[in-house]
Amino acid sequence: MPMSNARTHFAAGIRGGLPFLLVLIPFSMLFGVLAVEAGLDLGQTMAMTALVIAGASQFTAIQLISDNAPLLVVLVTALAVNLRMAMYSASLAPHLGKAPLWQRALIAYTLVDQTYGTSIAYFQERPGLGLRDKLAFYSGAVMAVCPLWYIFTYVGAVAGAAIPEEFALDFAVPITFLALVAPQLKSLAHVSAALVSVVLALALAWIPFSLGLLIAAFFAMLTGAAVETWGPGARPREART
Amino acid sequence: MNGWTDGQIWLLIAGLGIGTYLIRLSFLGLIGDRELHPFVMRCLRYVPVAVLPGLVAPLVVWPAATDGQPDPARMLAAAAALMIGAATRSVIAAILVGMAVLYLGLWLI
């Protein structure tokens, strides 16, 4: 692969991350606003956003702090929300696992829904892509997404100006996740997995600590793999990935 | 304000930060350049469509903003985002149409 390719893929990574900013910027500002409202000071708000960088779990933690839940419950619940990232880590390991340890340590730190989502789609569409180019794309996605996450949390925390409720930003999160998933529904196996995920997640929503979602995701994953293996139009393994 | 002390909040931040980092590092850090079994690979291909729809479904059906009451505007917006995303394969188009339908629905309904 020519050297210039890495730059091309880095730029592609930035472009891959950019669409998320539309939602991520108001989302991070909202976190800043709500964290301060819940009683965290500016330092605590920024420390949480910089150390955790996982919106869903940060909002979970803030919500439970406001509800005055015990420390251990907040910790376990927020971590359960993040358990899906172990699957992201496993999913990226075949692509980026050959990188040196210090690079993998940085990859782990920046592994969020958005950098994962855009990177895995890019890698799966280009089976021949080399490690260097994959790292370039991933770095581009990180550069597009992560710095603005910190900056706009700060803006939200300092401004503190409540975003009016009629903007319905609560729903920017589901819309973003749906927009990310929809283009991936490209085979019967993918659609089956998504359906199992939705049905089980709703049926198991009563299980505490988000464990219902983890169970739903596990069976949805097996469903996808099973339909790919035995369902109609199953393709030989060598042709993919 | 709430009943939390500063120390407790810092403890939570540290625990959440370290725990989340270890979750992220898990496979990337341990496995390194070892090859994964083909069945594991096949399963992993479906991780995104296995996790995200389940994460979204309760938020769509029981939105926190309406205290968990099903809301037609939010459901229409979710359906629009899903359909536009599947049809155009464009994330940004799906987000824009989804939010537009949401605002239109909240305004009309």
# chains A, B, ... in the order shown; residues from 1 in each chain; ligands from 1
$ select_by_dssp --residues "segment 72-157 of chain A" --states "alpha helix (DSSP H)" --output "PDB file with C-alpha atoms, in the first residue's frame"
ATOM      1  CA  LEU A  72     -22.539   0.934  44.528  1.00  0.00           C
ATOM      2  CA  VAL A  73     -25.845   0.823  42.624  1.00  0.00           C
ATOM      3  CA  VAL A  74     -24.848   3.829  40.516  1.00  0.00           C
ATOM      4  CA  LEU A  75     -21.465   2.295  39.748  1.00  0.00           C
ATOM      5  CA  VAL A  76     -22.813  -1.140  38.821  1.00  0.00           C
ATOM      6  CA  THR A  77     -25.686   0.235  36.729  1.00  0.00           C
ATOM      7  CA  ALA A  78     -23.509   2.677  34.793  1.00  0.00           C
ATOM      8  CA  LEU A  79     -20.874  -0.007  34.174  1.00  0.00           C
ATOM      9  CA  ALA A  80     -23.573  -2.428  32.997  1.00  0.00           C
ATOM     10  CA  VAL A  81     -24.599   0.145  30.406  1.00  0.00           C
ATOM     11  CA  ASN A  82     -20.981   0.091  29.197  1.00  0.00           C
ATOM     12  CA  ARG A  84     -21.521  -3.624  25.392  1.00  0.00           C
ATOM     13  CA  MET A  85     -18.102  -2.054  24.815  1.00  0.00           C
ATOM     14  CA  ALA A  86     -16.460  -5.385  25.617  1.00  0.00           C
ATOM     15  CA  MET A  87     -18.168  -6.626  22.475  1.00  0.00           C
ATOM     16  CA  TYR A  88     -16.874  -3.595  20.549  1.00  0.00           C
ATOM     17  CA  SER A  89     -13.405  -4.376  21.858  1.00  0.00           C
ATOM     18  CA  ALA A  90     -13.714  -7.996  20.749  1.00  0.00           C
ATOM     19  CA  SER A  91     -15.130  -6.916  17.411  1.00  0.00           C
ATOM     20  CA  LEU A  92     -12.202  -4.572  16.698  1.00  0.00           C
ATOM     21  CA  ALA A  93      -9.510  -6.936  18.004  1.00  0.00           C
ATOM     22  CA  PRO A  94      -9.197  -8.876  14.706  1.00  0.00           C
ATOM     23  CA  HIS A  95      -8.773  -5.560  12.853  1.00  0.00           C
ATOM     24  CA  LEU A  96      -6.529  -3.581  15.220  1.00  0.00           C
ATOM     25  CA  LEU A 101       0.253  -2.201  23.053  1.00  0.00           C
ATOM     26  CA  TRP A 102       0.496   1.575  23.594  1.00  0.00           C
ATOM     27  CA  GLN A 103      -1.633   2.148  20.498  1.00  0.00           C
ATOM     28  CA  ARG A 104      -4.169  -0.429  21.653  1.00  0.00           C
ATOM     29  CA  ALA A 105      -4.265   1.332  25.034  1.00  0.00           C
ATOM     30  CA  LEU A 106      -5.175   4.575  23.244  1.00  0.00           C
ATOM     31  CA  ILE A 107      -7.695   2.799  21.013  1.00  0.00           C
ATOM     32  CA  ALA A 108      -9.372   1.391  24.127  1.00  0.00           C
ATOM     33  CA  TYR A 109      -9.580   4.854  25.706  1.00  0.00           C
ATOM     34  CA  ASP A 113     -20.242   4.059  20.075  1.00  0.00           C
ATOM     35  CA  GLN A 114     -19.460   6.515  17.297  1.00  0.00           C
ATOM     36  CA  THR A 115     -15.804   5.648  16.656  1.00  0.00           C
ATOM     37  CA  TYR A 116     -16.678   1.964  16.806  1.00  0.00           C
ATOM     38  CA  GLY A 117     -19.758   2.215  14.603  1.00  0.00           C
ATOM     39  CA  THR A 118     -18.152   4.139  11.788  1.00  0.00           C
ATOM     40  CA  SER A 119     -14.873   2.163  11.919  1.00  0.00           C
ATOM     41  CA  ILE A 120     -16.336  -1.338  11.906  1.00  0.00           C
ATOM     42  CA  ALA A 121     -18.602  -0.422   8.972  1.00  0.00           C
ATOM     43  CA  TYR A 122     -15.580   0.920   7.064  1.00  0.00           C
ATOM     44  CA  PHE A 123     -13.402  -2.116   7.860  1.00  0.00           C
ATOM     45  CA  GLN A 124     -16.091  -4.642   6.940  1.00  0.00           C
ATOM     46  CA  GLU A 125     -16.736  -2.944   3.611  1.00  0.00           C
ATOM     47  CA  LEU A 131      -3.452  -2.300   9.717  1.00  0.00           C
ATOM     48  CA  ARG A 132      -1.847   1.082   9.037  1.00  0.00           C
ATOM     49  CA  ASP A 133      -4.832   2.265   6.993  1.00  0.00           C
ATOM     50  CA  LYS A 134      -7.294   0.952   9.566  1.00  0.00           C
ATOM     51  CA  LEU A 135      -5.438   2.818  12.328  1.00  0.00           C
ATOM     52  CA  ALA A 136      -5.482   5.952  10.164  1.00  0.00           C
ATOM     53  CA  PHE A 137      -9.240   5.723   9.681  1.00  0.00           C
ATOM     54  CA  TYR A 138      -9.833   5.065  13.386  1.00  0.00           C
ATOM     55  CA  SER A 139      -7.632   8.030  14.384  1.00  0.00           C
ATOM     56  CA  GLY A 140      -9.576  10.268  12.022  1.00  0.00           C
ATOM     57  CA  ALA A 141     -12.871   9.212  13.580  1.00  0.00           C
ATOM     58  CA  VAL A 142     -11.455   9.873  17.077  1.00  0.00           C
ATOM     59  CA  MET A 143     -10.239  13.338  16.064  1.00  0.00           C
ATOM     60  CA  ALA A 144     -13.684  14.202  14.711  1.00  0.00           C
ATOM     61  CA  VAL A 145     -15.611  12.970  17.734  1.00  0.00           C
ATOM     62  CA  CYS A 146     -13.673  13.035  21.021  1.00  0.00           C
ATOM     63  CA  PRO A 147     -12.269  16.589  21.412  1.00  0.00           C
ATOM     64  CA  LEU A 148     -15.693  18.123  20.760  1.00  0.00           C
ATOM     65  CA  TRP A 149     -17.206  15.816  23.370  1.00  0.00           C
ATOM     66  CA  TYR A 150     -14.991  17.417  26.047  1.00  0.00           C
ATOM     67  CA  ILE A 151     -15.317  20.963  24.732  1.00  0.00           C
ATOM     68  CA  PHE A 152     -19.101  21.004  24.570  1.00  0.00           C
ATOM     69  CA  THR A 153     -19.511  19.301  27.939  1.00  0.00           C
ATOM     70  CA  TYR A 154     -17.516  22.278  29.262  1.00  0.00           C
ATOM     71  CA  VAL A 155     -19.686  24.737  27.353  1.00  0.00           C
ATOM     72  CA  GLY A 156     -22.832  23.115  28.749  1.00  0.00           C
ATOM     73  CA  ALA A 157     -21.498  23.016  32.309  1.00  0.00           C
TER      74      ALA A 157
END
$ interface_residues --of "chain B" --to "chain A" --cutoff "6 Å" --atoms "only C-alpha atoms" --output "number ranges by chain"
B: 1, 13, 17, 23-25, 27-28, 32-33, 42-44, 46-47, 49-51, 53-54, 56-57, 81-82, 85-86, 89, 91-92, 94-95
$ write_last_selection --atoms "N, CA and C atoms" --output "short mmCIF file (atom, residue, chain, number, x, y, z; two decimals), in the first residue's frame"
data_model
loop_
_atom_site.label_atom_id
_atom_site.label_comp_id
_atom_site.auth_asym_id
_atom_site.auth_seq_id
_atom_site.Cartn_x
_atom_site.Cartn_y
_atom_site.Cartn_z
N MET B 1 -29.70 19.92 44.76
CA MET B 1 -28.59 19.23 45.41
C MET B 1 -29.06 17.87 45.93
N ILE B 13 -16.61 8.64 40.10
CA ILE B 13 -15.96 9.00 38.84
C ILE B 13 -14.75 8.10 38.58
N GLY B 17 -14.62 5.44 35.62
CA GLY B 17 -13.58 5.64 34.62
C GLY B 17 -12.71 4.40 34.45
N ILE B 23 -13.19 -2.43 30.56
CA ILE B 23 -14.13 -3.07 29.64
C ILE B 23 -13.68 -2.85 28.20
N ARG B 24 -13.28 -1.62 27.90
CA ARG B 24 -12.86 -1.30 26.54
C ARG B 24 -11.57 -2.00 26.15
N LEU B 25 -10.68 -2.11 27.12
CA LEU B 25 -9.36 -2.69 26.83
C LEU B 25 -9.43 -4.20 26.72
N PHE B 27 -10.62 -7.09 25.24
CA PHE B 27 -10.18 -7.95 24.14
C PHE B 27 -9.01 -7.35 23.38
N LEU B 28 -9.04 -6.03 23.20
CA LEU B 28 -7.94 -5.37 22.48
C LEU B 28 -6.62 -5.56 23.23
N GLY B 32 -4.48 -9.22 21.57
CA GLY B 32 -3.38 -8.81 20.73
C GLY B 32 -3.53 -9.35 19.34
N ASP B 33 -2.49 -10.02 18.85
CA ASP B 33 -2.54 -10.47 17.46
C ASP B 33 -3.00 -11.92 17.34
N ARG B 42 -17.94 -14.74 13.34
CA ARG B 42 -19.28 -14.69 12.75
C ARG B 42 -20.25 -14.02 13.72
N CYS B 43 -20.13 -14.33 15.01
CA CYS B 43 -20.99 -13.70 16.01
C CYS B 43 -20.73 -12.20 16.07
N LEU B 44 -19.45 -11.84 16.04
CA LEU B 44 -19.09 -10.44 16.23
C LEU B 44 -19.62 -9.55 15.12
N TYR B 46 -22.42 -9.47 14.10
CA TYR B 46 -23.79 -9.06 14.42
C TYR B 46 -23.88 -8.28 15.72
N VAL B 47 -22.74 -7.94 16.32
CA VAL B 47 -22.78 -7.18 17.58
C VAL B 47 -23.52 -5.85 17.43
N VAL B 49 -25.87 -4.77 15.32
CA VAL B 49 -27.32 -4.91 15.16
C VAL B 49 -27.94 -5.70 16.30
N ALA B 50 -27.12 -6.29 17.15
CA ALA B 50 -27.65 -7.00 18.32
C ALA B 50 -27.80 -6.06 19.51
N VAL B 51 -26.92 -5.08 19.65
CA VAL B 51 -26.93 -4.21 20.83
C VAL B 51 -27.80 -2.96 20.61
N PRO B 53 -30.29 -1.85 18.50
CA PRO B 53 -31.77 -1.85 18.48
C PRO B 53 -32.36 -2.10 19.86
N GLY B 54 -31.74 -2.98 20.64
CA GLY B 54 -32.23 -3.26 21.98
C GLY B 54 -32.05 -2.07 22.91
N VAL B 56 -32.17 1.03 21.90
CA VAL B 56 -33.08 2.08 21.45
C VAL B 56 -34.53 1.75 21.78
N ALA B 57 -34.91 0.47 21.64
CA ALA B 57 -36.34 0.09 21.71
C ALA B 57 -37.06 0.65 22.94
N ALA B 81 -36.56 7.68 10.84
CA ALA B 81 -35.10 7.56 10.85
C ALA B 81 -34.67 6.18 10.36
N LEU B 82 -35.39 5.17 10.80
CA LEU B 82 -35.06 3.80 10.42
C LEU B 82 -35.24 3.60 8.91
N GLY B 85 -32.76 5.72 6.83
CA GLY B 85 -31.43 5.15 6.97
C GLY B 85 -31.26 3.88 6.15
N ALA B 86 -32.30 3.03 6.16
CA ALA B 86 -32.22 1.78 5.40
C ALA B 86 -32.27 2.06 3.89
N ARG B 89 -28.95 4.59 3.14
CA ARG B 89 -27.66 4.21 3.72
C ARG B 89 -26.89 5.43 4.22
N VAL B 91 -26.31 8.06 7.26
CA VAL B 91 -26.56 8.31 8.68
C VAL B 91 -27.12 9.71 8.89
N ILE B 92 -26.49 10.68 8.20
CA ILE B 92 -26.91 12.07 8.44
C ILE B 92 -28.31 12.34 7.92
N ALA B 94 -30.70 10.16 7.79
CA ALA B 94 -31.61 9.52 8.73
C ALA B 94 -31.81 10.40 9.97
N ILE B 95 -30.71 10.99 10.48
CA ILE B 95 -30.82 11.86 11.66
C ILE B 95 -31.66 13.09 11.36
#
$ closest_residue --among "B:Gly7, B:Ile18, B:Ala77, B:Pro38" --to "Ala100 of chain B" --atoms "only C-alpha atoms"
B:Ala77
